[in-house]
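Down below is the structure, laid out as C-alpha cells.
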Amino acid sequence: MGFMQLFSHIAVKGAQAGSIIGAASVAPSLAIAAYKGGSIKPKLALDMLTNRSARGLAVGLVAVSALGAARVASLDTDGIQDRAYRLHYNEGQTRCDKFWMASTLVGAVLGYATGGAAKVVGTAALGGTAGLFLHGLSWSPTNKEE
C-alpha cells in the first residue's frame, strides 16, 4: 500500500468529478435552447451529454492528477502510507469506486454496441456519472460516529 494506490485514487476522483461537471454543463445549454424557443431533440441532448462527459473526464483526470502528484510529492513515506491505508479501508470510498467502475464498464459496452468505438469514451463517462448518482442515492453508512 502506498504511492500508486493513493495516486490512482486521486486520478479516479479527478475523472469522476470531471465527468459529473461535464454532464452538468449540458443543463444550461439545454435551458438556453428551450428559452429561445428551439426544440430539444433527445439525440442532441444525449450527444451533448456523452461528449461533455468525456471531455470533463479527460480534463478532470489530467488536472487533478497533476495537482495530486504535486501534493503527494510533498508527503513523506509515512504520510503516503497512512492515507493509502485509510482509503483502502474506507467503505464509502471503495463502494463509490466500485459503482463508478462497474457503471463505466456498462456505459462503454452500451456505447460500443450502439455506436461503435467512437462512442465508447463518452458513454463510459456518462455511465460512470450515472453510477456515482446511483451510489449517492443508495448509500447508507452503517458505521456513523456521533
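Going through the C-alpha cells in order, the chains are called A, B, and so on, while each chain numbers its residues from 1 and the ligands are numbered from 1 in the order shown.
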
Checklist line | Residues of chain A in helix (DSSP H, G or I), written as an MDAnalysis selection string | finding: chainID A and resid 3:24 26:35 42:73 77:88 91:115 117:138

Can I get the selection written as a compact mmCIF listing (two decimals), in the first residue's frame, with C-alpha atoms?
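As a result, part03.txt now contains:
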# COMPACT_ATOMS: atom_id res chain seq x y z
CA PHE A 3 2.08 5.82 -3.61
CA MET A 4 0.38 4.05 -6.52
CA GLN A 5 -2.79 3.32 -4.55
CA LEU A 6 -3.02 6.92 -3.38
CA PHE A 7 -2.22 8.37 -6.79
CA SER A 8 -4.70 6.09 -8.58
CA HIS A 9 -7.38 7.17 -6.10
CA ILE A 10 -6.63 10.82 -6.86
CA ALA A 11 -6.75 10.20 -10.62
CA VAL A 12 -10.06 8.32 -10.36
CA LYS A 13 -11.60 11.11 -8.26
CA GLY A 14 -10.48 13.63 -10.90
CA ALA A 15 -12.09 11.59 -13.65
CA GLN A 16 -15.28 11.22 -11.61
CA ALA A 17 -15.52 14.92 -10.82
CA GLY A 18 -14.76 15.89 -14.41
CA SER A 19 -17.42 13.62 -15.86
CA ILE A 20 -20.03 14.97 -13.45
CA ILE A 21 -19.13 18.58 -14.21
CA GLY A 22 -19.15 17.83 -17.94
CA ALA A 23 -22.58 16.24 -17.76
CA ALA A 24 -23.91 19.05 -15.58
CA VAL A 26 -25.38 20.37 -20.53
CA ALA A 27 -28.31 21.68 -18.46
CA PRO A 28 -27.61 25.40 -19.05
CA SER A 29 -27.17 24.80 -22.79
CA LEU A 30 -30.48 22.97 -23.00
CA ALA A 31 -32.18 25.63 -20.89
CA ILE A 32 -30.95 28.39 -23.22
CA ALA A 33 -32.12 26.44 -26.25
CA ALA A 34 -35.55 25.94 -24.69
CA TYR A 35 -35.76 29.60 -23.67
CA PRO A 42 -33.31 13.68 -27.40
CA LYS A 43 -30.46 12.60 -29.70
CA LEU A 44 -28.89 16.05 -29.48
CA ALA A 45 -29.19 16.05 -25.69
CA LEU A 46 -27.65 12.58 -25.45
CA ASP A 47 -24.81 13.54 -27.81
CA MET A 48 -24.13 16.64 -25.72
CA LEU A 49 -24.13 14.56 -22.52
CA THR A 50 -21.72 11.96 -23.85
CA ASN A 51 -19.37 14.49 -25.46
CA ARG A 52 -19.20 16.78 -22.46
CA SER A 53 -18.90 13.90 -20.00
CA ALA A 54 -15.96 12.54 -21.98
CA ARG A 55 -14.26 15.95 -22.18
CA GLY A 56 -14.87 16.55 -18.49
CA LEU A 57 -13.46 13.14 -17.63
CA ALA A 58 -10.29 13.85 -19.62
CA VAL A 59 -9.79 17.34 -18.19
CA GLY A 60 -10.54 16.20 -14.64
CA LEU A 61 -8.20 13.23 -14.94
CA VAL A 62 -5.29 15.33 -16.20
CA ALA A 63 -5.82 18.38 -13.97
CA VAL A 64 -6.46 16.55 -10.72
CA SER A 65 -3.67 14.05 -11.41
CA ALA A 66 -1.20 16.92 -11.83
CA LEU A 67 -2.40 18.65 -8.67
CA GLY A 68 -2.46 15.34 -6.79
CA ALA A 69 1.07 14.46 -7.89
CA ALA A 70 2.29 17.80 -6.56
CA ARG A 71 0.51 17.19 -3.25
CA VAL A 72 1.68 13.59 -2.88
CA ALA A 73 5.26 14.66 -3.64
CA THR A 77 6.54 7.92 3.17
CA ASP A 78 4.56 7.56 6.41
CA GLY A 79 2.04 10.17 5.26
CA ILE A 80 1.52 8.40 1.95
CA GLN A 81 1.13 5.01 3.59
CA ASP A 82 -1.27 6.42 6.19
CA ARG A 83 -3.52 7.98 3.55
CA ALA A 84 -3.42 4.86 1.38
CA TYR A 85 -4.27 2.68 4.37
CA ARG A 86 -7.24 4.87 5.34
CA LEU A 87 -8.53 4.90 1.76
CA HIS A 88 -8.19 1.13 1.46
CA GLU A 91 -16.16 1.58 3.00
CA GLY A 92 -17.77 4.60 1.35
CA GLN A 93 -14.82 5.30 -0.94
CA THR A 94 -14.41 1.70 -2.04
CA ARG A 95 -18.15 1.36 -2.68
CA CYS A 96 -18.20 4.60 -4.66
CA ASP A 97 -15.25 3.48 -6.77
CA LYS A 98 -16.84 0.06 -7.40
CA PHE A 99 -20.09 1.68 -8.54
CA TRP A 100 -18.15 4.03 -10.81
CA MET A 101 -16.03 1.27 -12.33
CA ALA A 102 -18.98 -1.06 -12.94
CA SER A 103 -21.21 1.63 -14.44
CA THR A 104 -18.34 2.95 -16.58
CA LEU A 105 -17.88 -0.55 -17.98
CA VAL A 106 -21.61 -0.89 -18.66
CA GLY A 107 -21.60 2.52 -20.37
CA ALA A 108 -18.63 1.54 -22.53
CA VAL A 109 -20.25 -1.73 -23.59
CA LEU A 110 -23.53 0.01 -24.43
CA GLY A 111 -21.68 2.69 -26.36
CA TYR A 112 -19.79 0.13 -28.39
CA ALA A 113 -22.95 -1.88 -29.03
CA THR A 114 -24.93 1.14 -30.21
CA GLY A 115 -22.39 3.39 -31.87
CA ALA A 117 -15.71 2.56 -30.95
CA ALA A 118 -16.30 6.29 -31.47
CA LYS A 119 -18.95 6.38 -28.71
CA VAL A 120 -17.16 4.30 -26.08
CA VAL A 121 -15.42 7.05 -24.11
CA GLY A 122 -18.47 9.31 -23.96
CA THR A 123 -20.90 6.60 -22.95
CA ALA A 124 -18.39 5.20 -20.45
CA ALA A 125 -18.06 8.65 -18.85
CA LEU A 126 -21.82 9.12 -18.80
CA GLY A 127 -22.29 5.62 -17.36
CA GLY A 128 -19.78 6.44 -14.63
CA THR A 129 -21.69 9.59 -13.79
CA ALA A 130 -24.92 7.60 -13.54
CA GLY A 131 -23.16 5.10 -11.28
CA LEU A 132 -22.00 7.86 -8.94
CA PHE A 133 -25.54 9.17 -8.65
CA LEU A 134 -26.83 5.67 -8.01
CA HIS A 135 -24.20 5.22 -5.31
CA GLY A 136 -25.23 8.51 -3.72
CA LEU A 137 -28.90 7.63 -3.77
CA SER A 138 -28.41 4.16 -2.33
